[in-house]
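Chemist: Dropping in work.cif, with mmCIF, C-alpha atoms, pLDDT in the B column; chains and numbers go by the auth columns.
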```cif
data_target
loop_
_atom_site.group_PDB
_atom_site.id
_atom_site.type_symbol
_atom_site.label_atom_id
_atom_site.label_comp_id
_atom_site.label_asym_id
_atom_site.label_seq_id
_atom_site.Cartn_x
_atom_site.Cartn_y
_atom_site.Cartn_z
_atom_site.B_iso_or_equiv
_atom_site.auth_seq_id
_atom_site.auth_asym_id
ATOM 1 C CA VAL A 1 -26.076 151.392 9.170 68.00 986 A
ATOM 2 C CA SER A 2 -28.185 152.346 6.159 75.00 987 A
ATOM 3 C CA HIS A 3 -31.928 152.964 6.221 77.00 988 A
ATOM 4 C CA PRO A 4 -33.546 149.584 5.376 74.00 989 A
ATOM 5 C CA ARG A 5 -36.137 151.081 3.008 72.00 990 A
ATOM 6 C CA GLU A 6 -34.704 154.396 1.762 77.00 991 A
ATOM 7 C CA GLY A 7 -30.960 153.662 1.809 78.00 992 A
ATOM 8 C CA GLY A 8 -29.841 156.804 3.681 79.00 993 A
ATOM 9 C CA THR A 9 -26.400 156.378 5.274 85.00 994 A
ATOM 10 C CA HIS A 10 -24.093 158.152 7.706 86.00 995 A
ATOM 11 C CA ARG A 11 -20.963 159.756 6.259 90.00 996 A
ATOM 12 C CA PHE A 12 -17.836 159.717 8.432 93.00 997 A
ATOM 13 C CA ARG A 13 -15.330 162.556 8.007 94.00 998 A
ATOM 14 C CA ALA A 14 -11.956 163.024 9.714 95.00 999 A
ATOM 15 C CA HIS A 15 -8.605 164.729 9.221 95.00 1000 A
ATOM 16 C CA ARG A 16 -6.706 161.599 10.275 96.00 1001 A
ATOM 17 C CA ALA A 17 -7.937 158.054 10.774 96.00 1002 A
ATOM 18 C CA THR A 18 -6.280 154.871 12.000 97.00 1003 A
ATOM 19 C CA ILE A 19 -8.115 151.554 11.726 97.00 1004 A
ATOM 20 C CA ALA A 20 -5.978 149.035 13.560 97.00 1005 A
ATOM 21 C CA ALA A 21 -5.800 145.287 12.985 95.00 1006 A
ATOM 22 C CA GLY A 22 -8.808 143.619 14.581 95.00 1007 A
ATOM 23 C CA GLY A 23 -10.911 146.795 14.303 96.00 1008 A
ATOM 24 C CA GLY A 24 -12.962 148.418 11.584 96.00 1009 A
ATOM 25 C CA PHE A 25 -16.501 148.877 10.286 96.00 1010 A
ATOM 26 C CA ASN A 26 -18.937 145.984 9.945 96.00 1011 A
ATOM 27 C CA ALA A 27 -22.048 146.724 7.859 95.00 1012 A
ATOM 28 C CA ASP A 28 -23.047 143.137 7.043 95.00 1013 A
ATOM 29 C CA GLY A 29 -26.773 143.035 6.310 92.00 1014 A
ATOM 30 C CA CYS A 30 -27.157 146.754 7.107 93.00 1015 A
ATOM 31 C CA GLY A 31 -28.406 147.810 3.659 93.00 1016 A
ATOM 32 C CA PHE A 32 -31.808 147.635 2.003 91.00 1017 A
ATOM 33 C CA SER A 33 -33.993 144.963 3.590 84.00 1018 A
ATOM 34 C CA GLY A 34 -35.326 141.817 1.997 83.00 1019 A
ATOM 35 C CA LEU A 35 -39.023 141.260 2.606 70.00 1020 A
ATOM 36 C CA GLY A 36 -41.519 138.442 2.850 61.00 1021 A
ATOM 37 C CA THR A 37 -44.961 138.347 1.291 49.00 1022 A
ATOM 38 C CA SER A 38 -46.567 139.473 4.562 51.00 1023 A
ATOM 39 C CA ASP A 39 -44.902 142.896 4.138 55.00 1024 A
ATOM 40 C CA ALA A 40 -47.033 144.053 1.209 51.00 1025 A
ATOM 41 C CA ASN A 41 -48.318 147.040 3.139 54.00 1026 A
ATOM 42 C CA SER A 42 -44.798 148.191 3.982 54.00 1027 A
ATOM 43 C CA ARG A 43 -43.736 147.923 0.349 52.00 1028 A
ATOM 44 C CA ALA A 44 -46.746 149.884 -0.831 54.00 1029 A
ATOM 45 C CA ALA A 45 -46.089 152.625 1.721 56.00 1030 A
ATOM 46 C CA ALA A 46 -42.517 152.906 0.502 54.00 1031 A
ATOM 47 C CA GLY A 47 -43.520 153.113 -3.154 56.00 1032 A
ATOM 48 C CA GLN A 48 -42.456 149.595 -4.122 51.00 1033 A
ATOM 49 C CA THR A 49 -44.021 148.525 -7.402 49.00 1034 A
ATOM 50 C CA SER A 50 -43.078 144.851 -7.279 50.00 1035 A
ATOM 51 C CA ALA A 51 -45.643 142.649 -5.599 52.00 1036 A
ATOM 52 C CA SER A 52 -42.920 140.382 -4.247 61.00 1037 A
ATOM 53 C CA GLY A 53 -39.705 142.412 -4.392 69.00 1038 A
ATOM 54 C CA GLY A 54 -37.687 143.618 -1.441 79.00 1039 A
ATOM 55 C CA PHE A 55 -36.163 147.092 -1.113 84.00 1040 A
ATOM 56 C CA GLY A 56 -33.429 148.734 -3.171 89.00 1041 A
ATOM 57 C CA PRO A 57 -32.777 149.341 -6.885 91.00 1042 A
ATOM 58 C CA GLY A 58 -31.330 145.845 -7.293 90.00 1043 A
ATOM 59 C CA THR A 59 -33.980 143.819 -5.500 88.00 1044 A
ATOM 60 C CA SER A 60 -34.994 140.617 -7.228 83.00 1045 A
ATOM 61 C CA VAL A 61 -38.409 140.354 -8.832 76.00 1046 A
ATOM 62 C CA ASN A 62 -39.398 137.293 -6.829 71.00 1047 A
ATOM 63 C CA SER A 63 -37.973 134.364 -4.876 69.00 1048 A
ATOM 64 C CA SER A 64 -36.377 132.940 -8.046 70.00 1049 A
ATOM 65 C CA GLY A 65 -33.473 135.436 -8.033 82.00 1050 A
ATOM 66 C CA GLY A 66 -30.924 137.019 -5.707 88.00 1051 A
ATOM 67 C CA ALA A 67 -30.393 140.757 -5.315 91.00 1052 A
ATOM 68 C CA GLY A 68 -27.831 142.720 -7.347 93.00 1053 A
ATOM 69 C CA PHE A 69 -25.587 145.779 -6.908 95.00 1054 A
ATOM 70 C CA GLY A 70 -22.094 145.711 -8.460 94.00 1055 A
ATOM 71 C CA GLY A 71 -23.102 142.514 -10.241 93.00 1056 A
ATOM 72 C CA HIS A 72 -26.513 140.964 -10.855 92.00 1057 A
ATOM 73 C CA GLY A 73 -27.943 138.453 -8.429 91.00 1058 A
ATOM 74 C CA GLY A 74 -28.091 134.711 -8.937 88.00 1059 A
ATOM 75 C CA GLY A 75 -30.886 133.139 -10.945 83.00 1060 A
ATOM 76 C CA THR A 76 -32.166 133.656 -14.454 78.00 1061 A
ATOM 77 C CA SER A 77 -33.275 136.877 -16.138 75.00 1062 A
ATOM 78 C CA PRO A 78 -35.653 138.582 -15.478 78.00 1063 A
ATOM 79 C CA ASN A 79 -35.960 137.097 -11.989 81.00 1064 A
ATOM 80 C CA TYR A 80 -32.614 138.191 -10.543 88.00 1065 A
ATOM 81 C CA GLY A 81 -31.877 141.703 -9.305 89.00 1066 A
ATOM 82 C CA GLU A 82 -29.952 143.869 -11.770 92.00 1067 A
ATOM 83 C CA ALA A 83 -26.688 145.717 -11.154 93.00 1068 A
ATOM 84 C CA TYR A 84 -27.022 149.455 -10.517 92.00 1069 A
ATOM 85 C CA GLY A 85 -24.869 152.488 -9.860 87.00 1070 A
ATOM 86 C CA SER A 86 -21.456 153.298 -11.331 81.00 1071 A
ATOM 87 C CA ASP A 87 -17.885 153.235 -10.059 73.00 1072 A
ATOM 88 C CA TRP A 88 -17.109 156.483 -11.847 67.00 1073 A
ATOM 89 C CA LYS A 89 -20.236 158.400 -10.993 69.00 1074 A
ATOM 90 C CA TRP A 90 -20.442 157.592 -7.326 66.00 1075 A
ATOM 91 C CA MET A 91 -23.881 156.855 -5.909 73.00 1076 A
ATOM 92 C CA PRO A 92 -24.023 156.645 -2.098 80.00 1077 A
ATOM 93 C CA LEU A 93 -26.242 153.570 -1.967 87.00 1078 A
ATOM 94 C CA PRO A 94 -26.050 150.315 -0.012 94.00 1079 A
ATOM 95 C CA GLY A 95 -26.749 146.795 -1.267 94.00 1080 A
ATOM 96 C CA SER A 96 -30.281 145.616 -2.074 93.00 1081 A
ATOM 97 C CA GLY A 97 -32.424 143.009 -0.355 89.00 1082 A
ATOM 98 C CA GLY A 98 -33.726 139.821 -1.904 86.00 1083 A
ATOM 99 C CA GLY A 99 -37.255 139.415 -3.253 79.00 1084 A
ATOM 100 C CA SER A 100 -40.161 137.832 -1.467 69.00 1085 A
ATOM 101 C CA GLY A 101 -39.484 134.652 0.413 54.00 1086 A
ATOM 102 C CA GLY A 102 -42.625 133.175 -1.126 53.00 1087 A
ATOM 103 C CA GLN A 103 -44.188 132.334 2.219 54.00 1088 A
ATOM 104 C CA THR A 104 -45.689 134.731 4.742 51.00 1089 A
ATOM 105 C CA HIS A 105 -43.472 133.686 7.653 56.00 1090 A
ATOM 106 C CA LYS A 106 -40.188 133.980 5.748 69.00 1091 A
ATOM 107 C CA VAL A 107 -38.095 137.033 4.923 76.00 1092 A
ATOM 108 C CA ALA A 108 -35.400 137.239 2.248 83.00 1093 A
ATOM 109 C CA GLY A 109 -31.834 138.351 2.983 87.00 1094 A
ATOM 110 C CA ALA A 110 -30.869 142.018 3.443 91.00 1095 A
ATOM 111 C CA GLY A 111 -28.163 143.731 1.420 93.00 1096 A
ATOM 112 C CA GLY A 112 -24.847 144.894 2.816 95.00 1097 A
ATOM 113 C CA GLY A 113 -24.757 148.472 4.082 95.00 1098 A
ATOM 114 C CA LEU A 114 -22.708 151.432 2.841 96.00 1099 A
ATOM 115 C CA ILE A 115 -19.448 152.413 4.545 96.00 1100 A
ATOM 116 C CA TRP A 116 -18.688 156.013 3.583 95.00 1101 A
ATOM 117 C CA LEU A 117 -15.387 157.317 4.977 95.00 1102 A
ATOM 118 C CA GLU A 118 -13.642 160.552 3.939 95.00 1103 A
ATOM 119 C CA VAL A 119 -10.237 161.476 5.376 96.00 1104 A
ATOM 120 C CA SER A 120 -8.680 164.787 4.360 95.00 1105 A
ATOM 121 C CA GLY A 121 -5.233 163.807 5.652 96.00 1106 A
ATOM 122 C CA THR A 122 -3.745 160.365 6.289 96.00 1107 A
ATOM 123 C CA CYS A 123 -5.769 157.186 6.648 97.00 1108 A
ATOM 124 C CA THR A 124 -3.932 154.131 7.979 97.00 1109 A
ATOM 125 C CA LEU A 125 -5.916 150.969 7.294 97.00 1110 A
ATOM 126 C CA ASP A 126 -4.822 147.737 8.931 97.00 1111 A
ATOM 127 C CA GLY A 127 -8.305 146.563 9.894 97.00 1112 A
ATOM 128 C CA SER A 128 -11.464 145.594 8.074 96.00 1113 A
ATOM 129 C CA LEU A 129 -14.219 147.416 6.215 97.00 1114 A
ATOM 130 C CA GLN A 130 -16.909 144.869 5.346 96.00 1115 A
ATOM 131 C CA ALA A 131 -20.468 145.050 4.044 96.00 1116 A
ATOM 132 C CA ALA A 132 -21.670 141.583 3.069 95.00 1117 A
ATOM 133 C CA GLY A 133 -25.148 140.594 1.973 93.00 1118 A
ATOM 134 C CA ILE A 134 -27.130 138.256 4.221 89.00 1119 A
ATOM 135 C CA ALA A 135 -27.721 134.639 3.269 85.00 1120 A
ATOM 136 C CA LYS A 136 -30.971 133.067 4.467 74.00 1121 A
ATOM 137 C CA LYS A 137 -31.234 129.433 5.490 68.00 1122 A
ATOM 138 C CA ASP A 138 -34.788 128.804 4.297 69.00 1123 A
ATOM 139 C CA ASP A 139 -36.095 127.646 0.936 70.00 1124 A
ATOM 140 C CA TYR A 140 -37.487 130.382 -1.335 72.00 1125 A
ATOM 141 C CA CYS A 141 -35.500 133.079 0.497 78.00 1126 A
ATOM 142 C CA PRO A 142 -32.999 134.694 -1.913 85.00 1127 A
ATOM 143 C CA SER A 143 -29.963 136.447 -0.498 89.00 1128 A
ATOM 144 C CA GLY A 144 -29.073 140.136 -0.404 91.00 1129 A
ATOM 145 C CA SER A 145 -26.317 141.696 -2.494 94.00 1130 A
ATOM 146 C CA GLY A 146 -22.997 142.893 -1.165 95.00 1131 A
ATOM 147 C CA GLY A 147 -22.954 146.501 -0.013 95.00 1132 A
ATOM 148 C CA GLY A 148 -20.787 149.499 -0.848 95.00 1133 A
ATOM 149 C CA ILE A 149 -17.503 150.946 0.418 95.00 1134 A
ATOM 150 C CA TYR A 150 -16.441 154.468 -0.471 95.00 1135 A
ATOM 151 C CA LEU A 151 -13.044 155.345 0.982 96.00 1136 A
ATOM 152 C CA ARG A 152 -11.520 158.720 0.140 95.00 1137 A
ATOM 153 C CA ALA A 153 -8.175 159.673 1.688 96.00 1138 A
ATOM 154 C CA CYS A 154 -5.528 162.129 0.575 96.00 1139 A
ATOM 155 C CA GLU A 155 -2.859 159.707 1.802 96.00 1140 A
ATOM 156 C CA LEU A 156 -3.684 156.031 2.262 97.00 1141 A
ATOM 157 C CA MET A 157 -1.451 153.502 4.022 97.00 1142 A
ATOM 158 C CA LEU A 158 -2.360 149.795 3.878 97.00 1143 A
ATOM 159 C CA GLY A 159 -1.277 147.340 6.565 95.00 1144 A
ATOM 160 C CA ASP A 160 -0.856 143.578 6.235 94.00 1145 A
ATOM 161 C CA ALA A 161 -4.320 142.914 7.682 95.00 1146 A
ATOM 162 C CA ALA A 162 -6.221 145.498 5.625 96.00 1147 A
ATOM 163 C CA THR A 163 -9.460 144.174 4.139 96.00 1148 A
ATOM 164 C CA LEU A 164 -12.201 145.731 1.996 96.00 1149 A
ATOM 165 C CA SER A 165 -15.039 143.252 1.434 96.00 1150 A
ATOM 166 C CA VAL A 166 -18.513 143.507 -0.155 95.00 1151 A
ATOM 167 C CA VAL A 167 -19.396 139.845 -0.718 95.00 1152 A
ATOM 168 C CA GLY A 168 -22.904 138.838 -1.760 93.00 1153 A
ATOM 169 C CA GLY A 169 -25.056 136.603 0.423 91.00 1154 A
ATOM 170 C CA ALA A 170 -24.608 132.890 -0.305 88.00 1155 A
ATOM 171 C CA ALA A 171 -27.184 130.393 -1.580 83.00 1156 A
ATOM 172 C CA GLY A 172 -27.283 127.720 1.075 69.00 1157 A
ATOM 173 C CA LYS A 173 -30.587 125.937 0.478 66.00 1158 A
ATOM 174 C CA ASP A 174 -32.465 124.491 -2.482 64.00 1159 A
ATOM 175 C CA ASN A 175 -34.696 126.964 -4.309 66.00 1160 A
ATOM 176 C CA THR A 176 -32.536 129.924 -3.239 76.00 1161 A
ATOM 177 C CA CYS A 177 -30.275 132.282 -5.173 85.00 1162 A
ATOM 178 C CA ALA A 178 -27.139 134.100 -4.078 89.00 1163 A
ATOM 179 C CA GLY A 179 -26.680 137.862 -4.103 91.00 1164 A
ATOM 180 C CA GLY A 180 -24.315 139.683 -6.436 93.00 1165 A
ATOM 181 C CA GLY A 181 -21.135 141.322 -5.200 95.00 1166 A
ATOM 182 C CA GLY A 182 -21.165 144.984 -4.158 95.00 1167 A
ATOM 183 C CA ARG A 183 -19.062 148.013 -5.116 95.00 1168 A
ATOM 184 C CA ILE A 184 -15.799 149.372 -3.702 95.00 1169 A
ATOM 185 C CA VAL A 185 -14.448 152.784 -4.690 94.00 1170 A
ATOM 186 C CA VAL A 186 -11.130 154.064 -3.314 95.00 1171 A
ATOM 187 C CA GLN A 187 -10.105 157.629 -4.058 94.00 1172 A
ATOM 188 C CA THR A 188 -6.575 158.620 -3.008 95.00 1173 A
ATOM 189 C CA ALA A 189 -3.503 160.592 -4.034 94.00 1174 A
ATOM 190 C CA SER A 190 -1.233 157.761 -2.844 95.00 1175 A
ATOM 191 C CA THR A 191 0.419 155.676 -5.551 93.00 1176 A
ATOM 192 C CA GLY A 192 1.947 152.220 -5.696 93.00 1177 A
ATOM 193 C CA LEU A 193 -0.690 150.586 -3.512 94.00 1178 A
ATOM 194 C CA ASP A 194 -1.411 146.897 -4.046 93.00 1179 A
ATOM 195 C CA PHE A 195 -5.080 146.030 -3.612 94.00 1180 A
ATOM 196 C CA SER A 196 -4.857 142.528 -5.078 90.00 1181 A
ATOM 197 C CA THR A 197 -5.062 140.821 -1.671 90.00 1182 A
ATOM 198 C CA VAL A 198 -7.085 143.557 0.049 94.00 1183 A
ATOM 199 C CA THR A 199 -10.379 143.734 -1.850 93.00 1184 A
ATOM 200 C CA ASN A 200 -13.108 141.106 -2.112 93.00 1185 A
ATOM 201 C CA VAL A 201 -16.093 141.762 -4.391 92.00 1186 A
ATOM 202 C CA ALA A 202 -17.078 138.124 -4.865 91.00 1187 A
ATOM 203 C CA PRO A 203 -20.683 137.092 -5.455 86.00 1188 A
ATOM 204 C CA GLY A 204 -22.496 134.891 -3.002 83.00 1189 A
ATOM 205 C CA ALA A 205 -21.303 131.315 -3.246 77.00 1190 A
ATOM 206 C CA VAL A 206 -23.377 128.173 -3.662 74.00 1191 A
ATOM 207 C CA ILE A 207 -22.965 126.142 -0.489 70.00 1192 A
ATOM 208 C CA GLY A 208 -23.246 122.385 -0.754 61.00 1193 A
ATOM 209 C CA THR A 209 -24.532 120.541 -3.806 57.00 1194 A
ATOM 210 C CA LYS A 210 -25.669 122.782 -6.636 56.00 1195 A
ATOM 211 C CA SER A 211 -29.277 122.149 -7.635 57.00 1196 A
ATOM 212 C CA PRO A 212 -31.225 123.323 -10.717 56.00 1197 A
ATOM 213 C CA TYR A 213 -32.749 126.090 -8.587 59.00 1198 A
ATOM 214 C CA LYS A 214 -29.708 127.244 -6.614 70.00 1199 A
ATOM 215 C CA TYR A 215 -27.632 129.847 -8.453 78.00 1200 A
ATOM 216 C CA PRO A 216 -24.507 131.869 -7.691 81.00 1201 A
ATOM 217 C CA GLY A 217 -24.515 135.624 -8.267 85.00 1202 A
ATOM 218 C CA ASP A 218 -22.252 137.800 -10.410 91.00 1203 A
ATOM 219 C CA GLY A 219 -19.092 139.470 -9.106 93.00 1204 A
ATOM 220 C CA GLY A 220 -19.038 143.087 -7.957 94.00 1205 A
ATOM 221 C CA THR A 221 -16.620 145.879 -8.851 93.00 1206 A
ATOM 222 C CA PHE A 222 -13.560 147.682 -7.488 94.00 1207 A
ATOM 223 C CA ALA A 223 -12.353 151.055 -8.771 92.00 1208 A
ATOM 224 C CA LEU A 224 -9.275 153.081 -7.811 92.00 1209 A
ATOM 225 C CA ARG A 225 -9.715 156.760 -8.587 91.00 1210 A
ATOM 226 C CA PRO A 226 -7.422 159.788 -8.258 90.00 1211 A
ATOM 227 C CA TYR A 227 -7.899 162.098 -5.314 88.00 1212 A
ATOM 228 C CA PRO A 228 -9.724 165.292 -6.371 81.00 1213 A
ATOM 229 C CA GLY A 229 -7.397 168.253 -6.731 66.00 1214 A
ATOM 230 C CA GLY A 230 -8.238 171.638 -5.328 50.00 1215 A
ATOM 231 C CA THR A 231 -8.571 174.907 -7.231 43.00 1216 A
ATOM 232 C CA MET A 232 -5.672 177.340 -7.033 39.00 1217 A
ATOM 233 C CA ILE A 233 -6.600 181.043 -7.265 43.00 1218 A
ATOM 234 C CA PHE A 234 -3.962 183.704 -7.954 39.00 1219 A
ATOM 235 C CA VAL A 235 -4.674 187.222 -6.697 41.00 1220 A
ATOM 236 C CA ARG A 236 -2.606 190.169 -7.930 41.00 1221 A
#
```
Represent the structure contained in this file as structure tokens.

Modeler:
Amino acid sequence: VSHPREGGTHRFRAHRATIAAGGGFNADGCGFSGLGTSDANSRAAAGQTSASGGFGPGTSVNSSGGAGFGGHGGGTSPNYGEAYGSDWKWMPLPGSGGGSGGQTHKVAGAGGGLIWLEVSGTCTLDGSLQAAGIAKKDDYCPSGSGGGIYLRACELMLGDAATLSVVGGAAGKDNTCAGGGGRIVVQTASTGLDFSTVTNVAPGAVIGTKSPYKYPGDGGTFALRPYPGGTMIFVR
């Protein structure tokens, strides 16, 4: 679970880890929060400059755009939330929340959280790591972006049920916008792994009939990076 306003997240470290089928980490909606217009005091206390934005670097400017992270949120520029961070310069940040719901009793969708797992030995993954953005069911309530997954393992073994998912929150009502997809970074010394059916960085979908004010988001990103090598010191 990430801090809803500051984005701080727990980091899990282990020598060995086994995530069996049916198990895993679920950080759906556990990222930066999406706020309604009644939360102006909370935004001001947290240093938010947007009068109607939620929390996080990719929050949308107002209710006319979804939040972004790996990809921008749904809507039209400059209303949607922009993408932020980089797959190659890792930033331990979760997904952002949507902008103001436009009405005092409504709150926009929260972003997906950050799952940060470091395994110095072998990690066997046959379960699920997921951090989806939240889709709201009210008008004028944009959805949160997908979150982040950072998995570092010296040796990584993938089972048939392995899943890494950072999907953006969907746009289910008129006058709403979907969130962008999140970011997945895998760092391992293992080679020959097939992630084509494992990862999902899709943007939030448009549910039902598409209207002029209901927009899908942009897809997120997946990066496979080499495991960092140690430094060898020779002493004579």

Chemist: Closest to Lys1199 of chain A among A:Leu1143, A:Leu1136, A:Val1152, A:Cys1126, using only C-alpha atoms?

Modeler: A:Cys1126

Chemist: Env of segment 997-999 of chain A: 12 Å cut, atoms = all atoms listed in the file, seq-sep filter 4 positions within chain, self excluded. Answer as a CSV table (one decimal) with C-alpha atoms, keeping the file's coordinate frame.

Modeler:
```
chain,number,residue,atom,x,y,z
A,986,VAL,CA,-26.1,151.4,9.2
A,1003,THR,CA,-6.3,154.9,12.0
A,1010,PHE,CA,-16.5,148.9,10.3
A,1099,LEU,CA,-22.7,151.4,2.8
A,1100,ILE,CA,-19.4,152.4,4.5
A,1101,TRP,CA,-18.7,156.0,3.6
A,1102,LEU,CA,-15.4,157.3,5.0
A,1103,GLU,CA,-13.6,160.6,3.9
A,1104,VAL,CA,-10.2,161.5,5.4
A,1105,SER,CA,-8.7,164.8,4.4
A,1106,GLY,CA,-5.2,163.8,5.7
A,1107,THR,CA,-3.7,160.4,6.3
A,1108,CYS,CA,-5.8,157.2,6.6
A,1134,ILE,CA,-17.5,150.9,0.4
A,1135,TYR,CA,-16.4,154.5,-0.5
A,1136,LEU,CA,-13.0,155.3,1.0
A,1137,ARG,CA,-11.5,158.7,0.1
A,1138,ALA,CA,-8.2,159.7,1.7
A,1139,CYS,CA,-5.5,162.1,0.6
```

Chemist: Please evaluate the PyMOL selection byres ((chain A and resi 1068) around 6) against the displayed coordinates and give the resulting residues as a PyMOL selection string.

Modeler: chain A and resi 1053-1057+1067+1069

Chemist: Please tell me which residues are no farther than 6 Å from (-27.8, 148.1, -3.6) in the file, counting all atoms listed in the file, and write them as a VMD selection string.

Modeler: chain A and resid 1041 1043 1054 1078 to 1081

Chemist: Between A:Ser1018, A:Ser1113, A:Thr994, A:Ser987, which has the minimum distance to Thr1148 of chain A (counting all atoms listed in the file)?

Modeler: A:Ser1113

Chemist: Could you list, as a list in words, every residue within 8 Å of Asn1064 of chain A, counting all atoms listed in the file and ignoring same-chain residues fewer than 2 positions away?

Modeler: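 My list of contacting residues is Ser1045, Val1046, Asn1047, Ser1048, Ser1049, Gly1050, Gly1060, Thr1061, Ser1062 and Gly1066 of chain A.
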
Chemist: Quote the spacing between atom CA of Glu1140 of chain A and atom CA of Leu1209 of chain A in Å to one decimal place.

Modeler: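 These two atoms are separated by 13.3 Å.
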